[in-house]
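Structure below is start-v7.cif: mmCIF, C-alpha atoms.
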```cif
data_upload
#
loop_
_atom_site.label_atom_id
_atom_site.label_comp_id
_atom_site.auth_asym_id
_atom_site.auth_seq_id
_atom_site.Cartn_x
_atom_site.Cartn_y
_atom_site.Cartn_z
CA ARG W 1 -10.75 -14.34 8.04
CA GLU W 2 -13.51 -13.39 10.46
CA ALA W 3 -14.27 -10.24 8.46
CA GLU W 4 -14.51 -12.34 5.30
CA GLU W 5 -17.01 -14.68 6.99
CA ARG W 6 -19.12 -11.78 8.29
CA LEU W 7 -19.23 -10.20 4.85
CA ALA W 8 -20.28 -13.52 3.33
CA GLU W 9 -23.10 -13.72 5.90
CA LEU W 10 -24.45 -10.41 4.64
CA ASN W 11 -24.99 -12.08 1.28
CA ALA W 12 -25.51 -8.71 -0.32
CA ALA W 13 -23.55 -8.87 -3.56
CA ARG W 14 -25.38 -5.78 -4.81
CA SER W 15 -23.70 -3.65 -2.15
CA GLY W 16 -20.18 -5.05 -2.51
CA HIS W 17 -18.99 -1.88 -4.22
CA GLU W 18 -20.23 0.16 -1.24
CA VAL W 19 -18.31 -2.08 1.18
CA VAL W 20 -15.15 -1.56 -0.87
CA LYS W 21 -15.64 2.20 -1.12
CA ARG W 22 -16.47 2.53 2.59
CA THR W 23 -13.39 0.49 3.53
CA LEU W 24 -11.24 2.84 1.44
CA VAL W 25 -12.84 6.00 2.85
CA VAL W 26 -12.54 4.93 6.48
CA ALA W 27 -8.97 3.68 6.03
CA MET W 28 -7.86 6.96 4.46
CA GLU W 29 -8.71 8.72 7.70
CA LYS W 30 -6.64 6.30 9.79
CA LYS W 31 -2.95 5.65 10.31
CA ASN W 32 -0.73 3.43 8.17
CA ARG W 33 -1.20 0.37 10.38
CA GLU W 34 -4.96 0.49 9.78
CA ARG W 35 -4.42 1.22 6.07
CA GLU W 36 -2.32 -1.94 5.82
CA ARG W 37 -5.09 -3.92 7.48
CA ALA W 38 -7.60 -2.38 5.10
CA SER W 39 -5.45 -3.46 2.13
CA VAL W 40 -5.46 -7.02 3.43
CA LEU W 41 -9.22 -6.85 4.00
CA LEU W 42 -9.76 -5.49 0.50
CA SER W 43 -7.91 -8.47 -0.95
CA ALA W 44 -10.21 -10.79 0.99
CA ILE W 45 -13.31 -8.89 -0.11
CA THR W 46 -12.85 -10.06 -3.70
CA ARG W 47 -13.48 -13.62 -2.54
CA VAL W 48 -16.79 -12.53 -1.05
CA TYR W 49 -18.14 -10.07 -3.60
CA GLY W 50 -16.19 -10.91 -6.74
CA SER W 51 -13.94 -8.81 -8.89
CA GLU W 52 -16.72 -6.81 -10.58
CA GLN W 53 -18.05 -5.40 -7.30
CA PHE W 54 -14.48 -4.80 -6.14
CA PHE W 55 -13.66 -2.92 -9.34
CA GLU W 56 -16.83 -0.82 -9.04
CA GLY W 57 -15.98 0.07 -5.44
CA PHE W 58 -12.68 1.57 -6.56
CA ILE W 59 -14.40 3.41 -9.42
CA HIS W 60 -16.89 4.89 -6.94
CA ALA W 61 -13.99 6.00 -4.73
CA VAL W 62 -12.25 7.67 -7.70
CA ARG W 63 -15.53 9.35 -8.61
CA SER W 64 -15.78 10.72 -5.03
CA LEU W 65 -12.19 11.94 -4.89
CA ASP W 66 -13.01 15.66 -4.66
CA ASP W 67 -15.43 15.03 -1.78
CA LEU W 68 -12.93 12.78 -0.03
CA ALA W 69 -10.28 15.50 -0.27
CA LEU W 70 -12.42 17.80 1.88
CA ASP W 71 -11.75 15.58 4.91
CA THR W 72 -8.48 14.04 3.73
CA PRO W 73 -6.43 16.56 1.72
CA ASN W 74 -4.01 13.88 0.43
CA ALA W 75 -6.85 11.59 -0.66
CA ALA W 76 -5.50 11.30 -4.23
CA LEU W 77 -2.16 9.97 -2.99
CA LEU W 78 -3.75 7.63 -0.47
CA LEU W 79 -6.25 6.24 -2.96
CA GLY W 80 -3.37 5.88 -5.43
CA ASN W 81 -1.50 3.80 -2.86
CA PHE W 82 -4.55 1.59 -2.38
CA ILE W 83 -4.92 1.15 -6.15
CA ALA W 84 -1.24 0.28 -6.66
CA ARG W 85 -1.37 -2.15 -3.74
CA ALA W 86 -4.52 -3.80 -5.11
CA ILE W 87 -2.85 -4.19 -8.51
CA VAL W 88 0.21 -5.82 -6.92
CA ASP W 89 -2.12 -8.04 -4.85
CA ASP W 90 -3.72 -9.17 -8.14
CA VAL W 91 -7.19 -8.02 -7.14
CA LEU W 92 -7.29 -5.11 -9.61
CA PRO W 93 -6.09 -5.53 -13.19
CA PRO W 94 -2.77 -3.87 -14.13
CA VAL W 95 -4.71 -1.83 -16.72
CA PHE W 96 -7.10 -0.47 -14.09
CA LEU W 97 -6.41 3.19 -14.91
CA SER W 98 -7.20 2.65 -18.57
CA LEU W 99 -10.58 1.19 -17.55
CA VAL W 100 -11.52 4.19 -15.41
CA PRO W 101 -13.69 6.68 -17.33
CA HIS W 102 -11.29 9.23 -18.84
CA ARG W 103 -13.17 12.23 -17.46
CA LEU W 104 -12.42 11.09 -13.90
CA LEU W 105 -8.67 11.15 -14.48
CA ALA W 106 -8.44 14.07 -16.91
CA ALA W 107 -7.76 16.92 -14.47
CA GLY W 108 -7.33 17.94 -10.86
CA ARG W 109 -7.16 15.26 -8.21
CA GLY W 110 -8.00 12.53 -10.71
CA ALA W 111 -4.96 13.44 -12.79
CA GLU W 112 -2.85 13.57 -9.61
CA LEU W 113 -4.08 10.10 -8.70
CA ALA W 114 -3.26 8.70 -12.16
CA VAL W 115 0.25 10.18 -12.15
CA HIS W 116 0.89 8.81 -8.66
CA VAL W 117 -0.29 5.28 -9.49
CA ARG W 118 1.73 5.17 -12.71
CA ALA W 119 4.83 6.41 -10.88
CA LEU W 120 4.44 3.78 -8.17
CA LEU W 121 3.99 0.98 -10.67
CA GLU W 122 6.82 2.10 -12.96
CA GLN W 123 9.42 3.17 -10.42
CA HIS W 124 8.99 0.72 -7.58
CA SER W 125 9.21 -3.01 -7.22
CA SER W 126 6.22 -5.02 -6.11
CA THR W 127 7.96 -5.58 -2.77
CA ARG W 128 8.08 -1.84 -2.16
CA ILE W 129 4.43 -1.45 -3.17
CA MET W 130 3.48 -4.31 -0.84
CA ASN W 131 4.94 -2.09 1.88
CA VAL W 132 3.30 1.08 0.58
CA TRP W 133 1.99 1.78 4.08
CA GLY W 134 5.45 1.26 5.58
CA SER W 135 6.87 -1.94 6.92
CA GLY W 136 6.02 -0.71 10.40
CA ALA W 137 2.35 -1.11 9.49
CA LYS W 138 2.90 -4.84 9.52
CA SER W 139 2.45 -6.27 12.97
CA SER W 140 4.98 -9.07 12.94
CA VAL W 141 8.51 -8.63 14.25
CA ASP W 142 9.66 -11.15 11.65
CA GLU W 143 8.15 -9.02 8.89
CA LEU W 144 9.93 -5.93 10.24
CA LYS W 145 13.22 -7.82 10.39
CA GLU W 146 12.79 -8.96 6.81
CA ALA W 147 11.98 -5.41 5.71
CA VAL W 148 15.13 -4.10 7.42
CA LYS W 149 17.20 -6.85 5.82
CA LEU W 150 15.85 -5.95 2.37
CA LEU W 151 16.40 -2.22 2.76
CA VAL W 152 19.98 -2.74 3.98
CA GLU W 153 20.65 -5.06 1.03
CA GLU W 154 19.22 -2.46 -1.33
CA TYR W 155 21.39 0.24 0.23
CA PHE W 156 24.56 -1.81 -0.15
CA THR W 157 23.61 -2.66 -3.74
CA GLU W 158 22.40 0.77 -4.91
CA GLY W 159 24.35 3.05 -2.56
CA ASP W 160 21.43 5.52 -2.42
CA LEU W 161 21.62 6.96 1.11
CA PRO W 162 18.63 9.35 0.86
CA ASP W 163 16.45 6.45 -0.34
CA ALA W 164 17.72 4.23 2.49
CA VAL W 165 16.95 6.94 5.05
CA ARG W 166 13.45 7.37 3.59
CA CYS W 167 12.90 3.60 3.77
CA VAL W 168 13.94 3.55 7.43
CA GLN W 169 11.52 6.41 8.13
CA ASP W 170 8.79 4.56 6.22
CA LEU W 171 9.18 1.63 8.59
CA ASP W 172 7.47 3.83 11.17
CA ALA W 173 8.96 1.67 13.89
CA PRO W 174 11.11 3.93 16.07
CA LEU W 175 11.72 1.22 18.65
CA PHE W 176 13.21 -0.96 15.94
CA GLY W 177 16.22 1.27 15.16
CA HIS W 178 18.61 -1.17 16.81
CA GLU W 179 17.77 -3.75 14.13
CA VAL W 180 18.71 -1.30 11.37
CA VAL W 181 22.05 -0.52 13.03
CA LYS W 182 22.75 -4.22 13.61
CA ARG W 183 21.98 -5.16 9.99
CA VAL W 184 24.11 -2.32 8.60
CA VAL W 185 27.06 -3.30 10.78
CA TYR W 186 26.72 -7.00 9.93
CA ARG W 187 26.40 -6.27 6.22
CA GLY W 188 29.34 -3.88 6.32
CA VAL W 189 31.51 -6.50 7.96
CA GLU W 190 30.40 -9.13 5.42
CA LYS W 191 31.20 -6.85 2.48
CA GLY W 192 34.58 -5.89 3.87
CA GLY W 193 36.18 -2.55 3.09
CA GLU W 194 34.74 -2.20 -0.42
CA SER W 195 31.31 -0.82 0.53
CA VAL W 196 31.81 0.38 4.07
CA ASP W 197 32.90 3.85 2.88
CA GLN W 198 29.42 4.53 1.48
#
```

Show this structure as structure tokens.
Amino acid sequence: REAEERLAELNAARSGHEVVKRTLVVAMEKKNRERERASVLLSAITRVYGSEQFFEGFIHAVRSLDDLALDTPNAALLLGNFIARAIVDDVLPPVFLSLVPHRLLAAGRGAELAVHVRALLEQHSSTRIMNVWGSGAKSSVDELKEAVKLLVEEYFTEGDLPDAVRCVQDLDAPLFGHEVVKRVVYRGVEKGGESVDQ
């Protein structure tokens, strides 16, 4: 909220795209917790600068992808995560990739970015994309508990152990392992013998 107010004080709508791009660039060099905060900030930025400046900021970031990759080798994947998250947050249109100039996504890192965003949007639920930086990036214990509950439910529904293990690792909350064990045991007892063998 404070960041939103400070940005509004700048009253520089012309440079909104630069604020968006700079937020993306700086966040890519940080850890997942800061990337999650940047995603939240980016959603707030649209209220200050409007969707056109926001859109242009992402286009500028895509245009700079090769330069960004010099400092951040996985820049295409990280920017793809930011794009997918912004689409799920309803601050970028679902057709964003089709609005990006074709030459930017035709080859190399641009193509990698496009494939990654499409895969995220097609293969994952909006809940998973909301946690693209890992549930551990969220600061609230209640949010972590809810994330654990959801991943245990998904495991007992789908039975996909490698995916469940990956989700636990994505939590990035090693001191929260007890909650995972507790939820699995509780859920196993609730389900009875039918799903415990998985």

_From the options W:Ala107, W:Ile87, W:Ala147, W:Ala114, which residue's atoms come nearest to Phe54 of chain W, counting all atoms listed in the file?_
W:Ile87

*Provide the atom CA of Val115 of chain W to atom CA of Val148 of chain W distance in Å, to one decimal place.*
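Atom-to-atom, atom CA of Val115 of chain W and atom CA of Val148 of chain W are spaced 28.4 Å apart.
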
*Long-range neighbours of segment 90-92 of chain W as a VMD selection string, 10 Å cut-off, all atoms listed in the file, 5 positions minimum in chain*: chain W and resid 42 to 47 50 to 52 54 to 55 58 83 to 85 97

*Can you work out which one of W:Val152, W:Val189, W:Glu112, W:Thr72 has the shortest atom-to-atom distance to Ala164 of chain W, counting all atoms listed in the file?*
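Between W:Val152, W:Val189, W:Glu112, W:Thr72, the residue approaching Ala164 of chain W most closely is W:Val152.
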
_Best match for closeness to Val62 of chain W among W:Pro162, W:Gly110, W:Gly177, W:Gly134, counting all atoms listed in the file_ =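 Using all atoms listed in the file, the shortest distance to Val62 of chain W belongs to W:Gly110.
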
*Take the PyMOL selection byres ((chain W and resi 113) around 12), apply it to the structure above, and return the hits as a ChimeraX atom specification.*
/W:61-63,65-66,69,74-84,97,100,104-112,114-120

*Could you list the residues chosen by the PyMOL selection byres ((chain W and resi 179) around 12) in this structure as a PyMOL selection string?*
chain W and resi 141-142+144-149+151-152+168+171+173-178+180-187

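With all atoms listed in the file as the atoms that count, the minimum distance from Pro101 of chain W to the choices W:Val19, W:Val48, W:Ile59, W:Val132 is reached by W:Ile59.
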
_Taking all atoms listed in the file into account, name the residue in W:Glu190, W:Glu2, W:Glu56, W:Glu34 that is nearest to Phe156 of chain W._
W:Glu190

*Quote the spacing between atom CA of Leu161 of chain W and atom CA of Met130 of chain W in Å to one decimal place.*
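If I compute the distance from atom CA of Leu161 of chain W to atom CA of Met130 of chain W, I get 21.4 Å.
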
*Given only C-alpha atoms as the counted atoms, nearest of W:Asp71, W:Gly57, W:Gly188, W:Gln169 to Arg22 of chain W*: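 The closest residue to Arg22 of chain W is W:Gly57.
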
Write out as AutoDock Vina command-line options an axis-aligned box for segment 129-135 of chain W: all of its atoms listed in the file, 8 Å added on each side, centre and edge lengths in Å with one decimal.
```
--center_x 4.4 --center_y -1.3 --center_z 1.9 --size_x 20.9 --size_y 22.1 --size_z 26.1
```

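Rounded to one decimal, atom CA of Ser64 of chain W and atom CA of Arg103 of chain W lie 12.8 Å from each other.
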